[in-house]
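Engineer: Provided below: target_25.json, containing JSON, C-alpha atoms.
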[["chain", "number", "residue", "atom", "x", "y", "z"],
["A", 1, "MET", "CA", -2.40, 32.86, 6.90],
["A", 2, "ALA", "CA", -3.33, 29.64, 8.69],
["A", 3, "ARG", "CA", -4.04, 27.09, 5.99],
["A", 4, "MET", "CA", -3.40, 23.41, 6.52],
["A", 5, "PRO", "CA", -1.01, 21.76, 4.05],
["A", 6, "GLY", "CA", -2.76, 18.98, 2.17],
["A", 7, "ALA", "CA", -6.26, 20.36, 2.72],
["A", 8, "ALA", "CA", -8.19, 21.69, -0.26],
["A", 9, "TRP", "CA", -8.54, 25.44, 0.28],
["A", 10, "ARG", "CA", -12.13, 26.51, -0.48],
["A", 11, "PRO", "CA", -12.83, 29.89, 1.19],
["A", 12, "VAL", "CA", -16.44, 30.73, 2.01],
["A", 13, "VAL", "CA", -18.29, 33.97, 2.66],
["A", 14, "ASN", "CA", -19.64, 32.74, 6.01],
["A", 15, "ALA", "CA", -16.69, 33.64, 8.22],
["A", 16, "HIS", "CA", -16.04, 36.24, 10.89],
["A", 17, "LYS", "CA", -12.84, 38.05, 9.94],
["A", 18, "ASN", "CA", -10.17, 38.47, 12.61],
["A", 19, "GLY", "CA", -12.55, 37.16, 15.24],
["A", 20, "VAL", "CA", -10.61, 34.39, 17.00],
["A", 21, "LEU", "CA", -9.98, 35.10, 20.69],
["A", 22, "GLU", "CA", -8.28, 31.89, 21.84],
["A", 23, "HIS", "CA", -6.87, 28.70, 20.38],
["A", 24, "ARG", "CA", -8.44, 26.14, 22.72],
["A", 25, "GLY", "CA", -8.70, 23.22, 20.32],
["A", 26, "LEU", "CA", -11.12, 21.55, 17.94],
["A", 27, "VAL", "CA", -14.84, 20.73, 18.06],
["A", 28, "LEU", "CA", -15.99, 17.50, 16.40],
["A", 29, "HIS", "CA", -19.24, 17.78, 14.39],
["A", 30, "VAL", "CA", -21.27, 15.47, 12.17],
["A", 31, "GLN", "CA", -22.65, 16.72, 8.86],
["A", 32, "ASP", "CA", -25.78, 14.53, 9.01],
["A", 33, "GLY", "CA", -25.49, 14.30, 5.25],
["A", 34, "ASN", "CA", -23.16, 13.51, 2.39],
["A", 35, "ASN", "CA", -21.01, 15.30, -0.16],
["A", 36, "SER", "CA", -19.07, 18.52, 0.31],
["A", 37, "PRO", "CA", -20.96, 21.25, 2.18],
["A", 38, "TYR", "CA", -18.99, 23.97, 0.39],
["A", 39, "GLY", "CA", -21.99, 25.37, -1.50],
["A", 40, "TYR", "CA", -24.10, 25.48, 1.65],
["A", 41, "PHE", "CA", -21.32, 27.19, 3.61],
["A", 42, "ASN", "CA", -20.73, 29.72, 0.83],
["A", 43, "ASN", "CA", -24.33, 30.95, 0.83],
["A", 44, "PRO", "CA", -24.70, 34.24, 2.75],
["A", 45, "ALA", "CA", -28.41, 33.52, 3.21],
["A", 46, "LYS", "CA", -27.43, 30.51, 5.37],
["A", 47, "PRO", "CA", -24.98, 31.74, 8.05],
["A", 48, "VAL", "CA", -23.37, 28.37, 8.73],
["A", 49, "SER", "CA", -19.87, 27.02, 8.10],
["A", 50, "SER", "CA", -16.98, 25.14, 9.68],
["A", 51, "ASP", "CA", -13.21, 25.40, 9.53],
["A", 52, "PHE", "CA", -12.84, 21.94, 8.01],
["A", 53, "TRP", "CA", -14.79, 19.06, 6.49],
["A", 54, "VAL", "CA", -13.60, 15.46, 6.20],
["A", 55, "SER", "CA", -15.29, 13.09, 3.76],
["A", 56, "THR", "CA", -15.79, 9.38, 4.38],
["A", 57, "MET", "CA", -12.86, 8.82, 1.98],
["A", 58, "GLY", "CA", -10.59, 11.11, 3.99],
["A", 59, "ARG", "CA", -10.72, 14.19, 1.78],
["A", 60, "ILE", "CA", -10.10, 17.37, 3.79],
["A", 61, "GLU", "CA", -11.52, 20.75, 2.82],
["A", 62, "GLN", "CA", -10.73, 23.98, 4.66],
["A", 63, "TYR", "CA", -13.09, 26.95, 4.44],
["A", 64, "VAL", "CA", -11.71, 29.73, 6.66],
["A", 65, "GLU", "CA", -8.34, 31.06, 7.80],
["A", 66, "THR", "CA", -8.26, 28.90, 10.90],
["A", 67, "GLY", "CA", -6.92, 30.64, 13.97],
["A", 68, "VAL", "CA", -7.51, 34.10, 12.52],
["A", 69, "ASP", "CA", -11.09, 34.06, 11.26],
["A", 70, "TYR", "CA", -13.78, 31.88, 12.78],
["A", 71, "ALA", "CA", -16.48, 29.77, 11.17],
["A", 72, "PHE", "CA", -20.17, 29.73, 12.16],
["A", 73, "ALA", "CA", -20.23, 26.22, 13.63],
["A", 74, "GLN", "CA", -20.90, 26.31, 17.37],
["A", 75, "HIS", "CA", -22.36, 29.76, 18.12],
["A", 76, "LEU", "CA", -20.77, 31.14, 21.32],
["A", 77, "GLY", "CA", -17.92, 28.68, 21.03],
["A", 78, "ASN", "CA", -16.79, 29.97, 17.64],
["A", 79, "PRO", "CA", -14.16, 32.50, 18.81],
["A", 80, "TYR", "CA", -12.46, 29.89, 21.00],
["A", 81, "TYR", "CA", -12.46, 26.56, 19.14],
["A", 82, "ALA", "CA", -11.95, 25.56, 15.52],
["A", 83, "SER", "CA", -14.48, 23.15, 14.02],
["A", 84, "VAL", "CA", -14.52, 20.07, 11.81],
["A", 85, "GLU", "CA", -17.60, 18.67, 10.09],
["A", 86, "THR", "CA", -17.48, 14.97, 9.23],
["A", 87, "GLU", "CA", -19.49, 13.46, 6.40],
["A", 88, "GLY", "CA", -22.18, 10.96, 7.41],
["A", 89, "HIS", "CA", -24.77, 10.67, 10.16],
["A", 90, "PRO", "CA", -24.82, 10.61, 13.98],
["A", 91, "ASP", "CA", -25.73, 6.91, 14.16],
["A", 92, "THR", "CA", -22.64, 5.79, 12.21],
["A", 93, "PRO", "CA", -19.00, 5.86, 13.30],
["A", 94, "LEU", "CA", -16.26, 7.74, 11.54],
["A", 95, "THR", "CA", -14.54, 5.70, 8.86],
["A", 96, "ALA", "CA", -10.88, 4.84, 9.30],
["A", 97, "ALA", "CA", -10.13, 7.44, 6.64],
["A", 98, "GLN", "CA", -12.02, 10.09, 8.59],
["A", 99, "VAL", "CA", -10.21, 9.26, 11.83],
["A", 100, "GLU", "CA", -6.97, 9.68, 9.91],
["A", 101, "GLY", "CA", -8.11, 12.96, 8.38],
["A", 102, "VAL", "CA", -9.27, 14.51, 11.64],
["A", 103, "ALA", "CA", -6.04, 13.31, 13.29],
["A", 104, "HIS", "CA", -3.98, 15.12, 10.66],
["A", 105, "ILE", "CA", -6.01, 18.28, 11.26],
["A", 106, "TYR", "CA", -5.46, 18.00, 14.99],
["A", 107, "ALA", "CA", -1.74, 17.32, 14.61],
["A", 108, "TRP", "CA", -1.47, 20.43, 12.44],
["A", 109, "GLY", "CA", -3.41, 22.43, 15.04],
["A", 110, "ASN", "CA", -1.10, 21.21, 17.77],
["A", 111, "SER", "CA", 1.95, 22.32, 15.82],
["A", 112, "THR", "CA", 0.41, 25.62, 14.70],
["A", 113, "PHE", "CA", -1.65, 26.75, 17.69],
["A", 114, "GLY", "CA", -0.62, 24.47, 20.54],
["A", 115, "TRP", "CA", -3.87, 22.52, 20.77],
["A", 116, "PRO", "CA", -3.20, 20.05, 23.61],
["A", 117, "LEU", "CA", -3.39, 16.34, 22.90],
["A", 118, "HIS", "CA", -6.37, 15.75, 25.18],
["A", 119, "VAL", "CA", -9.97, 14.58, 24.86],
["A", 120, "VAL", "CA", -12.26, 16.91, 26.82],
["A", 121, "ASP", "CA", -15.99, 17.20, 27.44],
["A", 122, "SER", "CA", -16.04, 20.91, 27.99],
["A", 123, "THR", "CA", -16.77, 24.34, 26.50],
["A", 124, "THR", "CA", -13.76, 25.92, 28.23],
["A", 125, "GLN", "CA", -10.99, 23.33, 28.56],
["A", 126, "PRO", "CA", -8.43, 23.09, 25.75],
["A", 127, "GLY", "CA", -8.48, 19.91, 23.68],
["A", 128, "LEU", "CA", -10.69, 17.86, 21.36],
["A", 129, "THR", "CA", -14.31, 18.41, 22.40],
["A", 130, "TRP", "CA", -17.71, 17.86, 20.73],
["A", 131, "HIS", "CA", -20.56, 20.05, 19.55],
["A", 132, "GLY", "CA", -23.42, 18.85, 21.75],
["A", 133, "VAL", "CA", -21.55, 19.50, 24.99],
["A", 134, "GLY", "CA", -22.22, 23.24, 24.53],
["A", 135, "GLY", "CA", -25.99, 22.92, 24.88],
["A", 136, "ASP", "CA", -28.13, 25.88, 23.84],
["A", 137, "ALA", "CA", -25.16, 28.26, 24.01],
["A", 138, "TRP", "CA", -23.55, 26.29, 21.21],
["A", 139, "GLY", "CA", -26.69, 26.08, 19.09],
["A", 140, "GLY", "CA", -28.60, 23.27, 20.84],
["A", 141, "HIS", "CA", -27.37, 20.15, 19.01],
["A", 142, "PRO", "CA", -27.20, 17.44, 21.70],
["A", 143, "HIS", "CA", -26.78, 14.58, 19.22],
["A", 144, "CYS", "CA", -23.86, 16.09, 17.31],
["A", 145, "PRO", "CA", -21.65, 14.26, 16.44],
["A", 146, "GLY", "CA", -23.31, 11.15, 17.93],
["A", 147, "ASP", "CA", -22.11, 8.74, 20.59],
["A", 148, "LYS", "CA", -20.11, 6.55, 18.19],
["A", 149, "ARG", "CA", -18.12, 9.48, 16.84],
["A", 150, "LYS", "CA", -17.60, 11.00, 20.27],
["A", 151, "ALA", "CA", -16.11, 7.70, 21.40],
["A", 152, "GLN", "CA", -13.53, 7.83, 18.60],
["A", 153, "ARG", "CA", -11.90, 11.01, 19.87],
["A", 154, "GLY", "CA", -9.37, 9.02, 21.86],
["A", 155, "ARG", "CA", -8.23, 7.26, 18.70],
["A", 156, "ILE", "CA", -8.00, 10.61, 16.90],
["A", 157, "ILE", "CA", -5.73, 12.02, 19.60],
["A", 158, "ALA", "CA", -3.63, 8.85, 19.69],
["A", 159, "ARG", "CA", -3.16, 9.00, 15.92],
["A", 160, "ALA", "CA", -2.36, 12.73, 16.05],
["A", 161, "THR", "CA", 0.31, 11.93, 18.63],
["A", 162, "GLU", "CA", 1.81, 9.33, 16.28],
["A", 163, "ILE", "CA", 1.82, 11.80, 13.39],
["A", 164, "LEU", "CA", 3.57, 14.43, 15.50],
["A", 165, "ALA", "CA", 6.19, 11.90, 16.60],
["A", 166, "LEU", "CA", 7.17, 11.53, 12.95],
["A", 167, "ASP", "CA", 7.59, 15.29, 12.63],
["A", 168, "THR", "CA", 10.80, 15.98, 14.52],
["A", 169, "ASP", "CA", 11.94, 18.99, 12.49],
["A", 170, "GLY", "CA", 8.74, 21.02, 12.45],
["A", 171, "GLU", "CA", 7.61, 19.65, 9.07],
["A", 172, "PRO", "CA", 6.71, 16.08, 8.10],
["A", 173, "SER", "CA", 9.24, 14.29, 5.94],
["A", 174, "ILE", "CA", 8.69, 11.87, 3.05],
["A", 175, "ASP", "CA", 11.07, 9.03, 2.23],
["A", 176, "LEU", "CA", 11.53, 9.23, -1.55],
["A", 177, "GLY", "CA", 12.87, 5.69, -1.79],
["A", 178, "ARG", "CA", 9.76, 4.21, -0.20],
["A", 179, "LEU", "CA", 7.53, 6.07, -2.64],
["A", 180, "ILE", "CA", 9.55, 4.87, -5.61],
["A", 181, "THR", "CA", 9.26, 1.28, -4.37],
["A", 182, "LEU", "CA", 5.48, 1.65, -4.17],
["A", 183, "THR", "CA", 5.09, 3.16, -7.65],
["A", 184, "ARG", "CA", 7.21, 0.48, -9.30],
["A", 185, "SER", "CA", 5.48, -2.48, -7.66],
["A", 186, "ASP", "CA", 3.61, -5.03, -9.73],
["A", 187, "ARG", "CA", 0.03, -4.00, -8.98],
["A", 188, "GLY", "CA", -1.32, -7.49, -9.66],
["A", 189, "ALA", "CA", 1.17, -9.38, -7.56],
["A", 190, "ALA", "CA", 1.32, -10.04, -3.83],
["A", 191, "GLN", "CA", 3.11, -7.16, -2.15],
["A", 192, "ASP", "CA", 6.16, -7.82, 0.02],
["A", 193, "HIS", "CA", 6.57, -4.21, 1.13],
["A", 194, "PRO", "CA", 4.72, -2.42, 3.94],
["A", 195, "PRO", "CA", 2.25, 0.36, 3.09],
["A", 196, "TYR", "CA", 3.42, 3.92, 3.59],
["A", 197, "LEU", "CA", 0.29, 5.63, 4.87],
["A", 198, "ASP", "CA", 1.78, 8.90, 6.09],
["A", 199, "GLY", "CA", 3.97, 9.54, 3.07],
["A", 200, "VAL", "CA", 1.33, 8.61, 0.50],
["A", 201, "ARG", "CA", -1.30, 10.68, 2.28],
["A", 202, "LEU", "CA", 0.92, 13.77, 2.25],
["A", 203, "VAL", "CA", 1.58, 13.41, -1.48],
["A", 204, "GLU", "CA", -2.07, 12.70, -2.29],
["A", 205, "GLY", "CA", -3.22, 15.61, -0.15],
["A", 206, "ALA", "CA", -0.83, 17.92, -1.97],
["A", 207, "LEU", "CA", -1.93, 16.63, -5.39],
["A", 208, "HIS", "CA", -5.54, 17.07, -4.33],
["A", 209, "ALA", "CA", -4.85, 20.65, -3.24],
["A", 210, "GLU", "CA", -3.24, 21.26, -6.64],
["A", 211, "GLY", "CA", -6.47, 20.10, -8.31],
["A", 212, "LEU", "CA", -4.87, 17.01, -9.83],
["A", 213, "LEU", "CA", -6.43, 14.25, -7.70],
["A", 214, "ASP", "CA", -10.09, 13.89, -6.77],
["A", 215, "SER", "CA", -9.85, 11.54, -3.78],
["A", 216, "ILE", "CA", -7.34, 10.26, -1.26],
["A", 217, "ASN", "CA", -6.83, 6.54, -0.69],
["A", 218, "ASN", "CA", -5.99, 5.22, 2.75],
["A", 219, "ALA", "CA", -4.26, 1.92, 1.99],
["A", 220, "GLY", "CA", -0.77, 3.41, 2.00],
["A", 221, "ASP", "CA", -0.08, 2.35, -1.60],
["A", 222, "PHE", "CA", 0.54, 4.56, -4.60],
["A", 223, "GLU", "CA", -2.55, 3.78, -6.68],
["A", 224, "CYS", "CA", -2.81, 4.13, -10.45],
["A", 225, "LEU", "CA", -4.87, 7.32, -10.10],
["A", 226, "THR", "CA", -2.16, 8.80, -7.90],
["A", 227, "ILE", "CA", 0.54, 7.91, -10.42],
["A", 228, "THR", "CA", -1.53, 9.58, -13.15],
["A", 229, "ALA", "CA", -1.98, 12.67, -10.99],
["A", 230, "TYR", "CA", 1.72, 12.79, -10.16],
["A", 231, "ALA", "CA", 2.56, 12.57, -13.87],
["A", 232, "ALA", "CA", 0.32, 15.60, -14.40],
["A", 233, "TRP", "CA", 2.25, 17.39, -11.64],
["A", 234, "GLN", "CA", 5.53, 16.57, -13.40],
["A", 235, "ARG", "CA", 4.18, 17.93, -16.68],
["A", 236, "ARG", "CA", 3.10, 21.10, -14.86],
["A", 237, "LEU", "CA", 6.74, 21.53, -13.87],
["A", 238, "GLY", "CA", 7.84, 21.16, -17.51],
["A", 239, "TYR", "CA", 8.65, 17.44, -17.68],
["A", 240, "GLU", "CA", 8.07, 15.97, -21.13],
["A", 241, "GLY", "CA", 7.53, 12.52, -22.62],
["A", 242, "ALA", "CA", 8.83, 9.56, -20.62],
["A", 243, "ALA", "CA", 10.18, 11.89, -17.92],
["A", 244, "ALA", "CA", 6.60, 12.50, -16.76],
["A", 245, "ASP", "CA", 6.09, 8.87, -15.74],
["A", 246, "GLY", "CA", 4.31, 9.47, -12.42],
["A", 247, "VAL", "CA", 7.22, 8.09, -10.38],
["A", 248, "PRO", "CA", 8.25, 10.70, -7.78],
["A", 249, "ASP", "CA", 11.75, 12.10, -8.17],
["A", 250, "GLN", "CA", 13.80, 14.40, -5.97],
["A", 251, "LEU", "CA", 13.17, 17.60, -7.91],
["A", 252, "SER", "CA", 9.40, 17.32, -8.42],
["A", 253, "LEU", "CA", 8.70, 15.97, -4.93],
["A", 254, "THR", "CA", 10.81, 18.67, -3.29],
["A", 255, "GLU", "CA", 8.86, 21.35, -5.16],
["A", 256, "LEU", "CA", 5.56, 19.73, -4.15],
["A", 257, "GLY", "CA", 6.74, 19.68, -0.55],
["A", 258, "ARG", "CA", 7.88, 23.30, -0.69],
["A", 259, "ARG", "CA", 4.35, 24.31, -1.67],
["A", 260, "HIS", "CA", 2.53, 22.03, 0.76],
["A", 261, "GLY", "CA", 4.62, 21.81, 3.91],
["A", 262, "PHE", "CA", 6.79, 18.68, 3.84],
["A", 263, "THR", "CA", 10.43, 17.85, 3.25],
["A", 264, "VAL", "CA", 12.02, 15.00, 1.30],
["A", 265, "THR", "CA", 14.68, 12.51, 2.33],
["A", 266, "ALA", "CA", 16.51, 10.32, -0.19]]
Before we go any further, please render this structure as C-alpha cells.
Structural biologist:
Amino acid sequence: MARMPGAAWRPVVNAHKNGVLEHRGLVLHVQDGNNSPYGYFNNPAKPVSSDFWVSTMGRIEQYVETGVDYAFAQHLGNPYYASVETEGHPDTPLTAAQVEGVAHIYAWGNSTFGWPLHVVDSTTQPGLTWHGVGGDAWGGHPHCPGDKRKAQRGRIIARATEILALDTDGEPSIDLGRLITLTRSDRGAAQDHPPYLDGVRLVEGALHAEGLLDSINNAGDFECLTITAYAAWQRRLGYEGAAADGVPDQLSLTELGRRHGFTVTA
C-alpha cells in the first residue's frame, strides 16, 4: 500500500483500482474553495477526487492508494500522474504551510516512486506539472491552479530537495533532544533556540494521523496543543499520571515513528 506517513488517510469511493500505468510525478491543482473536500470526493454521484489535499494550515489528507489506484483529477492524465488539490482560490498564492505540505508530498513521491525533482509544463514529461497544461484532454481547466501557484512550483521542488537531503537512511530522523528542548521552553519568554520545522512537522503529522491533533503548525515550535496531543498519545500507550506529560521520550516517540515512517536519534 502506498500511503504517505504523516498524511491523514481518508479513503474515498471515487478511485480507479489498480489503474496506475506510470509514475511520472505530481499535478498541482487548486480547490477553488475551502475546507476538506473529503465529502465531495466520497460521493459516487460526483466522480471527482484527488490523491491528496493540502489545507492553508498545511494539513495533508490522502484519499487513494497513490501509485496503485488513481484519483479522478485530470481525466486522461490520471493513470500517469498523482494529484494534489490545494485549499484556496486561483488568484491567491499558496501559503507557506501549503508549500511545505506539497513539498513533503513530493519528497515522499521521489523516495517512493522516483518522481524527478523537476518543474515541467507538460502532460508527458516526469516532474511537477499543473492541471491547466493538459487542456481539454485533462478536463479543460486552464486557470487551475492559477499563475501565482504555478510560479511556486520551483520553491516546492527546492524544499522537497532539502527534505530529501535530511533523509540519508531512507526514512526521516527526529532529534529527540531538540524536541525536549522545545517542549520545556518558557512559552512566554523570548526563545534562544532555533525552530525545528521538520521534526515538529513529522510529529504533528503523525499525531494528526492518529486522530489526536486537529491542525499542524508551521512555526517549528512544540505548541501547547501539540503537547496536549502528545500526552494523549502517551496515555494511549499506557502511560499514567505525571508520566503522560506531553514531553516526547525515547519509547513513545520510537513507537510513533515506527507507525508513521521516521526514526529517532537521542
Engineer: Skip Leu28 of chain A itself and residues of its chain fewer than 6 positions away, then list as a VMD selection string all residues within 12 Å of it, counting all atoms listed in the file.
Structural biologist: chain A and resid 50 to 54 73 to 74 81 to 87 90 94 98 to 99 102 to 103 105 to 106 119 to 121 127 to 134 141 143 to 153 156
Engineer: Between A:Glu162, A:Asp245, A:Glu210, A:Glu61, which one has atoms that come closest to Phe41 of chain A, using only C-alpha atoms?
Structural biologist: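 Ranking A:Glu162, A:Asp245, A:Glu210, A:Glu61 by distance to Phe41 of chain A, first place goes to A:Glu61.
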Engineer: To one decimal place in Å, what is the distance between atom CA of Phe262 of chain A and atom CA of Gly238 of chain A?
Structural biologist: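 According to the coordinates, atom CA of Phe262 of chain A and atom CA of Gly238 of chain A are separated by 21.5 Å.
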Engineer: So that each row is one residue of segment 69-126 of chain A with an atom at most 12 Å from segment 212-233 of chain A, can you give its shortest atom pair and the distance in Å to one decimal, using only C-alpha atoms, rows by chain and rising number, as a tab-separated table?
Structural biologist:
residue	atom	partner	partner_atom	distance
A:Thr95	CA	A:Asn218	CA	10.5
A:Ala96	CA	A:Asn218	CA	8.2
A:Ala97	CA	A:Asn218	CA	6.1
A:Gln98	CA	A:Asn218	CA	9.7
A:Val99	CA	A:Asn218	CA	10.8
A:Glu100	CA	A:Asn218	CA	8.5
A:Gly101	CA	A:Asn218	CA	9.8
Engineer: I'd like the interatomic distance between atom CA of Ala71 of chain A and atom CA of Thr123 of chain A, to a tenth of an Å.
Structural biologist: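 Computing the Euclidean distance for atom CA of Ala71 of chain A and atom CA of Thr123 of chain A yields 16.3 Å.
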Engineer: Using all atoms listed in the file for the distances, tell me which of A:Leu76, A:Ala8, A:Ile60, A:Ala45 is nearest to Leu21 of chain A.
Structural biologist: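 Answer, going by the shortest atom-to-atom distance: A:Leu76.
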Engineer: Between A:Ala209, A:Ile180, A:Ala7, A:Ser49, single out the one closest to Tyr196 of chain A, counting only C-alpha atoms.
Structural biologist: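 Using only C-alpha atoms, the shortest distance to Tyr196 of chain A belongs to A:Ile180.
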Engineer: Taking into account only C-alpha atoms, which residue in the set A:Gly135, A:Gly58, A:Gly25, A:Gly177 is nearest to Gly109 of chain A?
Structural biologist: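 Using only C-alpha atoms, the shortest distance to Gly109 of chain A belongs to A:Gly25.
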Engineer: Need the neighbours of (-26.0, 34.7, 3.6): which residues are at most 10 Å away, counting only C-alpha atoms, as a list in words?
Structural biologist: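 Residues close enough to count: Val13, Asn14, Tyr40, Phe41, Asn42, Asn43, Pro44, Ala45, Lys46, Pro47 and Val48 of chain A.
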Engineer: Select, from A:Leu176, A:Val30, A:Val20, A:Ala107, the residue with the minimum atom-to-atom distance to Pro79 of chain A, counting all atoms listed in the file.
Structural biologist: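 Going through A:Leu176, A:Val30, A:Val20, A:Ala107 one by one, the smallest distance to Pro79 of chain A is for A:Val20.
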Engineer: Could you state the separation of atom CA of Leu202 of chain A and atom CA of Gly6 of chain A in Å, given to one decimal place?
Structural biologist: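 Between atom CA of Leu202 of chain A and atom CA of Gly6 of chain A the gap is 6.4 Å.
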Engineer: Please write out, as lines of an AutoDock Vina configuration file, where the centre of an axis-aligned box around all listed atoms of segment 243-253 of chain A lies and how long its edges are, in Å to one decimal, after adding 3 Å on each side.
Structural biologist:
center_x = 9.1
center_y = 12.8
center_z = -11.4
size_x = 15.5
size_y = 15.5
size_z = 19.0
Engineer: Could you give me segment 78-96 of chain A completed to N, CA and C atoms, formatted as a PDB file, in the coordinates of the input?
Structural biologist:
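After the write, selection.pdb holds the following:
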ATOM      1  N   ASN A  78     -17.559  29.716  18.869  1.00  0.00           N
ATOM      2  CA  ASN A  78     -16.790  29.970  17.640  1.00  0.00           C
ATOM      3  C   ASN A  78     -15.476  30.723  17.842  1.00  0.00           C
ATOM      4  N   PRO A  79     -15.427  31.755  18.696  1.00  0.00           N
ATOM      5  CA  PRO A  79     -14.160  32.500  18.810  1.00  0.00           C
ATOM      6  C   PRO A  79     -13.060  31.743  19.554  1.00  0.00           C
ATOM      7  N   TYR A  80     -13.400  30.587  20.120  1.00  0.00           N
ATOM      8  CA  TYR A  80     -12.460  29.890  21.000  1.00  0.00           C
ATOM      9  C   TYR A  80     -11.976  28.546  20.468  1.00  0.00           C
ATOM     10  N   TYR A  81     -12.808  27.883  19.671  1.00  0.00           N
ATOM     11  CA  TYR A  81     -12.460  26.560  19.140  1.00  0.00           C
ATOM     12  C   TYR A  81     -12.638  26.548  17.621  1.00  0.00           C
ATOM     13  N   ALA A  82     -11.738  25.871  16.932  1.00  0.00           N
ATOM     14  CA  ALA A  82     -11.950  25.560  15.520  1.00  0.00           C
ATOM     15  C   ALA A  82     -12.958  24.418  15.423  1.00  0.00           C
ATOM     16  N   SER A  83     -13.419  24.144  14.206  1.00  0.00           N
ATOM     17  CA  SER A  83     -14.480  23.150  14.020  1.00  0.00           C
ATOM     18  C   SER A  83     -14.194  22.251  12.837  1.00  0.00           C
ATOM     19  N   VAL A  84     -14.640  21.003  12.928  1.00  0.00           N
ATOM     20  CA  VAL A  84     -14.520  20.070  11.810  1.00  0.00           C
ATOM     21  C   VAL A  84     -15.838  19.325  11.636  1.00  0.00           C
ATOM     22  N   GLU A  85     -16.437  19.472  10.472  1.00  0.00           N
ATOM     23  CA  GLU A  85     -17.600  18.670  10.090  1.00  0.00           C
ATOM     24  C   GLU A  85     -17.107  17.351   9.501  1.00  0.00           C
ATOM     25  N   THR A  86     -17.846  16.273   9.784  1.00  0.00           N
ATOM     26  CA  THR A  86     -17.480  14.970   9.230  1.00  0.00           C
ATOM     27  C   THR A  86     -18.679  14.410   8.469  1.00  0.00           C
ATOM     28  N   GLU A  87     -18.435  13.990   7.251  1.00  0.00           N
ATOM     29  CA  GLU A  87     -19.490  13.460   6.400  1.00  0.00           C
ATOM     30  C   GLU A  87     -20.153  12.241   7.054  1.00  0.00           C
ATOM     31  N   GLY A  88     -21.454  12.104   6.861  1.00  0.00           N
ATOM     32  CA  GLY A  88     -22.180  10.960   7.410  1.00  0.00           C
ATOM     33  C   GLY A  88     -23.242  11.393   8.395  1.00  0.00           C
ATOM     34  N   HIS A  89     -23.619  10.454   9.276  1.00  0.00           N
ATOM     35  CA  HIS A  89     -24.770  10.670  10.160  1.00  0.00           C
ATOM     36  C   HIS A  89     -24.415  10.300  11.608  1.00  0.00           C
ATOM     37  N   PRO A  90     -25.162  10.830  12.575  1.00  0.00           N
ATOM     38  CA  PRO A  90     -24.820  10.610  13.980  1.00  0.00           C
ATOM     39  C   PRO A  90     -24.867   9.157  14.436  1.00  0.00           C
ATOM     40  N   ASP A  91     -25.617   8.302  13.732  1.00  0.00           N
ATOM     41  CA  ASP A  91     -25.730   6.910  14.160  1.00  0.00           C
ATOM     42  C   ASP A  91     -24.671   6.001  13.549  1.00  0.00           C
ATOM     43  N   THR A  92     -23.720   6.581  12.813  1.00  0.00           N
ATOM     44  CA  THR A  92     -22.640   5.790  12.210  1.00  0.00           C
ATOM     45  C   THR A  92     -21.294   6.300  12.711  1.00  0.00           C
ATOM     46  N   PRO A  93     -20.320   5.416  12.850  1.00  0.00           N
ATOM     47  CA  PRO A  93     -19.000   5.860  13.300  1.00  0.00           C
ATOM     48  C   PRO A  93     -18.219   6.524  12.167  1.00  0.00           C
ATOM     49  N   LEU A  94     -17.197   7.233  12.530  1.00  0.00           N
ATOM     50  CA  LEU A  94     -16.260   7.740  11.540  1.00  0.00           C
ATOM     51  C   LEU A  94     -15.581   6.575  10.842  1.00  0.00           C
ATOM     52  N   THR A  95     -15.333   6.710   9.558  1.00  0.00           N
ATOM     53  CA  THR A  95     -14.540   5.700   8.860  1.00  0.00           C
ATOM     54  C   THR A  95     -13.083   5.828   9.295  1.00  0.00           C
ATOM     55  N   ALA A  96     -12.313   4.786   8.991  1.00  0.00           N
ATOM     56  CA  ALA A  96     -10.880   4.840   9.300  1.00  0.00           C
ATOM     57  C   ALA A  96     -10.222   6.028   8.607  1.00  0.00           C
TER      58      ALA A  96
END
